[in-house]
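Pasting query.cif here (mmCIF, C-alpha atoms):
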data_work
loop_
_atom_site.label_atom_id
_atom_site.label_comp_id
_atom_site.auth_asym_id
_atom_site.auth_seq_id
_atom_site.Cartn_x
_atom_site.Cartn_y
_atom_site.Cartn_z
CA MET F 1 -4.44 19.65 2.52
CA ILE F 2 -2.82 19.01 -0.85
CA LEU F 3 -2.45 15.31 -1.68
CA PHE F 4 -0.51 13.79 -4.54
CA SER F 5 -2.03 10.46 -5.49
CA THR F 6 0.40 8.43 -7.54
CA ASP F 7 0.82 4.96 -9.00
CA LEU F 8 3.37 3.04 -11.04
CA GLU F 9 3.21 0.16 -13.45
CA THR F 10 6.57 -1.54 -13.83
CA THR F 11 8.40 -4.30 -15.73
CA GLY F 12 8.43 -6.38 -12.54
CA LEU F 13 8.72 -6.31 -8.77
CA ASP F 14 12.46 -5.82 -8.28
CA ARG F 15 12.98 -2.20 -7.23
CA LEU F 16 16.63 -2.26 -8.38
CA THR F 17 16.54 -4.05 -11.73
CA ASP F 18 12.98 -3.44 -12.98
CA ARG F 19 11.81 -0.16 -14.43
CA PRO F 20 8.66 2.02 -14.43
CA ILE F 21 6.63 1.81 -17.63
CA GLU F 22 3.61 3.94 -16.68
CA VAL F 23 3.13 6.77 -14.20
CA GLY F 24 -0.09 8.29 -12.92
CA GLY F 25 -0.35 11.36 -10.72
CA ILE F 26 -3.16 13.56 -9.41
CA LEU F 27 -2.65 16.71 -7.35
CA TYR F 28 -5.75 17.03 -5.18
CA SER F 29 -7.09 19.53 -2.64
CA THR F 30 -9.02 18.01 0.27
CA GLY F 31 -10.30 21.47 1.21
CA GLN F 32 -11.71 22.23 -2.22
CA ARG F 33 -12.50 18.53 -2.88
CA ARG F 34 -11.24 18.82 -6.42
CA VAL F 35 -8.42 17.84 -8.72
CA LEU F 36 -5.86 20.60 -9.26
CA GLU F 37 -3.79 18.82 -11.89
CA SER F 38 -3.45 15.30 -13.23
CA SER F 39 -1.31 13.39 -15.68
CA GLY F 40 -0.71 9.84 -16.85
CA TYR F 41 1.89 8.70 -19.33
CA LEU F 42 3.93 5.77 -20.53
CA VAL F 43 7.68 5.63 -19.85
CA LYS F 44 10.36 3.99 -21.96
CA SER F 45 11.58 0.92 -20.10
CA ASP F 46 15.26 1.92 -20.12
CA GLY F 47 16.43 -1.27 -21.83
CA VAL F 48 14.41 -3.65 -19.63
CA PRO F 49 11.98 -5.59 -21.85
CA VAL F 50 8.26 -5.82 -21.10
CA SER F 51 7.35 -9.46 -20.61
CA PRO F 52 4.15 -11.08 -21.95
CA LYS F 53 3.06 -11.51 -18.32
CA ILE F 54 3.27 -7.76 -17.66
CA THR F 55 1.49 -7.02 -20.94
CA SER F 56 -1.34 -9.39 -20.00
CA LEU F 57 -1.64 -7.69 -16.60
CA THR F 58 -1.41 -4.04 -17.67
CA GLY F 59 -2.15 -4.04 -21.40
CA ILE F 60 1.15 -2.19 -21.95
CA THR F 61 3.29 -3.46 -24.82
CA GLN F 62 6.91 -2.82 -25.70
CA VAL F 63 5.77 -1.36 -29.02
CA ALA F 64 3.58 1.21 -27.21
CA LEU F 65 6.43 2.21 -24.90
CA ASP F 66 8.89 2.60 -27.75
CA LYS F 67 6.47 4.80 -29.71
CA TYR F 68 4.67 6.80 -27.00
CA GLY F 69 6.79 6.52 -23.88
CA TYR F 70 8.50 9.50 -22.26
CA GLU F 71 12.24 9.39 -21.79
CA PRO F 72 12.80 8.15 -18.20
CA LYS F 73 14.38 11.34 -16.86
CA ASP F 74 11.74 13.57 -18.46
CA ALA F 75 9.00 11.40 -16.98
CA LEU F 76 10.58 11.52 -13.53
CA GLU F 77 11.00 15.30 -13.61
CA SER F 78 7.31 15.68 -14.49
CA TRP F 79 6.41 13.45 -11.55
CA LEU F 80 8.67 15.38 -9.18
CA ASP F 81 7.12 18.69 -10.24
CA LEU F 82 3.73 17.54 -8.92
CA ALA F 83 5.02 15.54 -5.95
CA ASN F 84 6.97 18.49 -4.58
CA GLN F 85 3.82 20.65 -4.50
CA ALA F 86 1.98 18.26 -2.17
CA ASP F 87 1.73 18.01 1.61
CA ALA F 88 1.54 14.22 1.41
CA ILE F 89 1.92 11.49 -1.22
CA VAL F 90 -0.78 8.82 -1.31
CA GLY F 91 -1.19 5.46 -2.98
CA GLN F 92 -2.09 1.80 -2.59
CA ASN F 93 0.78 -0.20 -1.06
CA ILE F 94 2.87 2.87 -1.82
CA LYS F 95 5.30 2.58 1.09
CA ARG F 96 6.53 -0.86 0.08
CA PHE F 97 6.23 -0.72 -3.70
CA ASP F 98 5.98 2.66 -5.41
CA LYS F 99 8.11 4.67 -2.95
CA PRO F 100 11.23 2.46 -3.27
CA PHE F 101 10.85 2.46 -7.07
CA PHE F 102 10.67 6.25 -7.17
CA GLU F 103 13.63 6.61 -4.80
CA ASN F 104 15.82 4.34 -6.92
CA TRP F 105 14.63 6.09 -10.08
CA CYS F 106 15.75 9.40 -8.57
CA LYS F 107 19.15 7.94 -7.65
CA ARG F 108 19.76 6.74 -11.20
CA HIS F 109 19.28 10.28 -12.52
CA GLY F 110 20.95 12.21 -9.71
CA LEU F 111 17.67 13.73 -8.52
CA VAL F 112 16.34 14.12 -4.97
CA ALA F 113 13.30 12.11 -3.91
CA PRO F 114 10.66 14.16 -2.06
CA ASN F 115 10.75 14.02 1.74
CA LYS F 116 7.01 13.84 2.38
CA LEU F 117 4.50 11.99 4.50
CA TYR F 118 3.39 8.88 2.62
CA ILE F 119 -0.20 7.73 3.13
CA ASP F 120 -1.01 4.14 2.19
CA THR F 121 -4.64 3.23 1.59
CA ARG F 122 -3.82 -0.38 2.41
CA THR F 123 -2.93 0.45 6.03
CA ASP F 124 -4.01 4.01 6.82
CA LEU F 125 -7.80 4.14 6.35
CA PRO F 126 -9.54 4.01 9.76
CA GLY F 127 -11.57 0.85 10.29
CA VAL F 128 -10.83 -0.50 6.81
CA GLU F 129 -9.20 -3.87 6.15
CA GLY F 130 -6.37 -3.61 3.65
CA LYS F 131 -6.94 -5.71 0.52
CA HIS F 132 -6.36 -5.59 -3.22
CA LEU F 133 -7.37 -2.11 -4.43
CA GLY F 134 -10.23 -3.46 -6.53
CA TYR F 135 -11.71 -5.31 -3.55
CA MET F 136 -11.39 -2.26 -1.33
CA ALA F 137 -13.24 -0.17 -3.91
CA ALA F 138 -15.98 -2.79 -4.19
CA ASP F 139 -16.32 -2.95 -0.39
CA ALA F 140 -16.74 0.85 -0.43
CA GLY F 141 -19.49 0.62 -3.04
CA PHE F 142 -17.79 1.53 -6.32
CA LEU F 143 -15.61 0.00 -9.03
CA ASN F 144 -12.09 0.69 -10.21
CA LEU F 145 -13.01 0.76 -13.89
CA PHE F 146 -9.48 0.35 -15.27
CA PRO F 147 -7.39 -1.73 -12.83
CA HIS F 148 -3.62 -1.70 -13.41
CA SER F 149 -3.98 1.57 -15.28
CA ALA F 150 -1.90 4.04 -13.29
CA LEU F 151 -4.17 7.07 -13.51
CA SER F 152 -7.31 5.04 -12.78
CA ASP F 153 -5.67 3.56 -9.69
CA CYS F 154 -4.82 7.11 -8.54
CA GLN F 155 -8.47 8.12 -8.87
CA THR F 156 -9.61 5.05 -6.93
CA VAL F 157 -7.18 5.82 -4.10
CA LEU F 158 -8.47 9.39 -3.80
CA LYS F 159 -12.10 8.27 -3.76
CA LEU F 160 -11.31 5.86 -0.90
CA ILE F 161 -9.52 8.57 1.07
CA GLU F 162 -12.35 11.06 0.58
CA MET F 163 -14.66 8.69 2.46
CA HIS F 164 -12.70 9.34 5.67
CA ASP F 165 -11.66 12.22 7.90
CA ILE F 166 -8.31 13.26 6.45
CA ASN F 167 -6.99 14.11 9.92
CA LYS F 168 -7.59 10.55 11.10
CA VAL F 169 -6.00 9.19 7.93
CA VAL F 170 -2.92 11.33 8.56
CA GLU F 171 -2.80 10.17 12.19
CA ARG F 172 -2.70 6.55 11.04
CA ALA F 173 -0.08 7.31 8.39
CA GLN F 174 2.15 8.84 11.06
CA SER F 175 1.73 5.87 13.42
CA PRO F 176 4.54 3.30 13.03
CA GLU F 177 3.84 -0.32 12.15
CA VAL F 178 4.60 -3.03 14.71
CA VAL F 179 4.56 -6.82 14.60
CA MET F 180 2.51 -8.41 17.37
CA ILE F 181 3.10 -12.07 18.27
CA ALA F 182 0.30 -14.19 19.76
CA HIS F 183 1.07 -16.80 22.40
CA GLN F 184 -1.71 -19.37 22.68
CA LYS F 185 -1.90 -23.15 22.98
CA PHE F 186 -2.07 -25.14 19.77
CA GLU F 187 -5.67 -26.12 20.40
CA ASN F 188 -6.57 -22.43 20.68
CA ASN F 189 -5.14 -21.29 17.35
CA ALA F 190 -8.65 -20.26 16.29
CA ASP F 191 -8.56 -17.57 18.96
CA ALA F 192 -5.54 -15.94 17.30
CA LYS F 193 -7.15 -16.29 13.86
CA ALA F 194 -10.27 -14.56 15.15
CA LEU F 195 -8.15 -11.48 15.93
CA LYS F 196 -6.55 -11.62 12.46
CA PHE F 197 -3.26 -13.19 13.49
CA GLY F 198 -1.70 -15.40 10.84
CA TRP F 199 0.93 -18.15 10.90
CA ASN F 200 4.38 -17.65 9.42
CA GLY F 201 6.28 -20.87 8.89
CA ASP F 202 9.68 -19.25 8.38
CA TYR F 203 9.66 -17.53 11.77
CA LYS F 204 7.25 -20.05 13.31
CA ILE F 205 5.09 -17.37 14.88
CA TRP F 206 1.47 -16.29 14.94
CA TYR F 207 1.72 -12.64 13.99
CA ARG F 208 -0.25 -9.54 13.11
CA ILE F 209 1.14 -6.39 11.52
CA THR F 210 -0.70 -3.36 12.83
CA LYS F 211 -0.37 0.31 13.60
CA GLN F 212 0.95 1.34 16.99
CA LEU F 213 -2.25 3.25 17.72
CA ASP F 214 -4.28 0.00 17.41
CA VAL F 215 -2.15 -1.99 19.85
CA ASP F 216 -4.16 -1.34 23.04
CA MET F 217 -7.42 -2.37 21.39
CA ILE F 218 -5.94 -5.67 20.14
CA VAL F 219 -4.26 -6.46 23.46
CA LYS F 220 -7.54 -5.92 25.34
CA ALA F 221 -9.39 -8.15 22.86
CA ALA F 222 -6.81 -10.92 23.38
CA GLU F 223 -7.00 -10.63 27.15
CA ASN F 224 -10.81 -10.55 27.19
CA PRO F 225 -12.03 -12.50 24.14
CA ASN F 226 -15.74 -12.24 23.46
CA ILE F 227 -15.85 -13.40 19.85
CA ALA F 228 -17.98 -16.46 19.10
CA ILE F 229 -15.86 -19.14 17.44
CA ASP F 230 -16.96 -22.33 15.65
CA ASN F 231 -20.66 -21.56 16.08
CA GLY F 232 -20.38 -21.49 19.85
CA GLU F 233 -18.98 -25.03 20.13
CA ARG F 234 -16.00 -23.78 22.12
CA VAL F 235 -15.26 -20.82 24.36
CA PRO F 236 -12.44 -18.50 23.20
CA GLN F 237 -9.47 -18.43 25.55
CA PRO F 238 -7.41 -15.35 26.49
CA PHE F 239 -3.81 -15.24 25.33
CA ASN F 240 -0.76 -13.03 25.74
CA ILE F 241 0.87 -10.85 23.12
CA SER F 242 4.49 -9.79 22.70
CA PHE F 243 6.21 -7.60 20.11
CA ALA F 244 8.73 -8.72 17.51
CA GLY F 245 12.21 -7.27 17.46
CA PRO F 246 14.13 -5.95 14.44
CA GLU F 247 15.27 -9.46 13.53
CA ILE F 248 11.78 -10.14 12.15
CA SER F 249 11.22 -8.35 8.85
CA ILE F 250 7.80 -6.84 8.23
CA GLU F 251 8.45 -6.99 4.49
CA LYS F 252 9.30 -10.70 4.66
CA LEU F 253 6.15 -11.37 6.67
CA MET F 254 4.04 -9.54 4.10
CA TYR F 255 5.48 -11.17 1.01
CA SER F 256 6.54 -14.66 2.11
#

So, in terms of structure tokens, how does the structure I just supplied come out?
Amino acid sequence: MILFSTDLETTGLDRLTDRPIEVGGILYSTGQRRVLESSGYLVKSDGVPVSPKITSLTGITQVALDKYGYEPKDALESWLDLANQADAIVGQNIKRFDKPFFENWCKRHGLVAPNKLYIDTRTDLPGVEGKHLGYMAADAGFLNLFPHSALSDCQTVLKLIEMHDINKVVERAQSPEVVMIAHQKFENNADAKALKFGWNGDYKIWYRITKQLDVDMIVKAAENPNIAIDNGERVPQPFNISFAGPEISIEKLMYS
């Protein structure tokens, strides 16, 4: 399988008004277990200034972009050339961050975004809890040597993926995300926490975002709890689970 690992650094988080300032991309063969092509480059910020906060995070300055950055359309066409050769596009938090940025970048230049399977290391690695990329690397036994450097992040993503059966990773990537809602008494909130449900004050729900293929396992654990809580001082209680409708935004839950 040919994967395209990609990462963006940007002037900010707004997918409409902020702009890419660095792109990393690695075309990788899982069969050969080797890099086929890679590139990383700065991109002129298209009139959007680089703030001191972004510079402190990424090390990228406006001066560097103005001198060494690619023109935005040239940079995007180089990215598309690699992306279109891949079977799937991979990255950390790519579905909610990088993908929308690339799609809007394509729209601005009248280009077509690739219609590919997107694999997100934050949600699609079997048995792995999604965290900050650096923490996930450390949990897996290695370091991301240059965090917030686009090409280094691409390498870290590929190393994480290579630790798993690619077919199982693809299966998870293809499984839709759902929002599960826990229904337990107030005094039993610890039971929901033990199964990684969290509280959202806006919606006033105990929720967990998960893949559809994990639902049965979580439901069974809620119905038959066997997790020791509070050093055995109390017995976990079973609780019911329902599923949120479209009125509850996964993105709002993740970022509120």

Selection result for the PyMOL selection byres ((chain F and resi 73) around 12) on this file, as a PyMOL selection string: chain F and resi 20+43-46+69-72+74-80+102+105-111

Atomic distance atom CA of Ser152 of chain F - atom CA of His132 of chain F, expressed in Å with one decimal: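 So the answer is 14.3 Å.
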
Expansion of the PyMOL selection byres ((chain F and resi 207-216) around 10) into residues, as JSON, numbers by chain: {"F": [123, 124, 171, 172, 173, 174, 175, 176, 177, 178, 179, 180, 181, 182, 183, 192, 193, 195, 196, 197, 198, 199, 200, 203, 204, 205, 206, 217, 218, 219, 220, 221, 222, 241, 242, 243, 244, 250, 253, 254]}

Distance in Å - atom CA of Phe239 of chain F versus atom CA of Asn226 of chain F: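 These two atoms are separated by 12.4 Å.
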
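Considering all atoms listed in the file, the residue among F:Asp14, F:Glu223, F:Glu37, F:Asp98 positioned nearest to Asp120 of chain F is F:Asp98.
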
For atom CA of Lys99 of chain F and atom CA of Tyr118 of chain F, the interatomic separation in Å (one decimal): 8.4 Å

Selection: 9 Å around Asp153 of chain F, only C-alpha atoms, excl. self and same-chain fewer than 6 positions, as a ChimeraX atom specification: /F:5-7,24,91-92,133-134,144-147

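Residues captured in this structure file are Phe4, Ser5, Thr6, Gly25, Leu27, Tyr28, Val35, Glu37, Ser38, Ser39 and Cys154 of chain F, according to the PyMOL selection byres ((chain F and resi 26) around 7).
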
Nearby residues (only C-alpha atoms) at most 9 Å from Asp191 of chain F, same-chain spacing under 6 positions excluded, as a list in words: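 Non-adjacent residues within range: Gln184, Phe197, Ala222, Pro225, Ile227, Ile229, Pro236, Gln237, Pro238 and Phe239 of chain F.
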
Please return the centre and edge lengths, in Å to one decimal, of a box with edges along x, y and z that contains all listed atoms of segment 30-37 of chain F, widened by 5 Å on every side, as AutoDock Vina command-line options.
--center_x -8.1 --center_y 20.0 --center_z -5.3 --size_x 18.7 --size_y 14.4 --size_z 23.1

Non-local contacts of Met136 of chain F (12 Å; all atoms listed in the file; under 3 positions in same chain excluded) as a ChimeraX atom specification: /F:92,121-123,125,128-133,139-144,153,156-157,159-161

Contacts of Lys252 of chain F within 10 Å, only C-alpha atoms, excl. fewer than 3 positions in-chain, as a count of residues only: 7

Proximity to Ala86 of chain F - best of F:Leu117, F:Ile166, F:Ala64, F:Val50, all atoms listed in the file: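 Smallest distance to Ala86 of chain F is found for F:Leu117.
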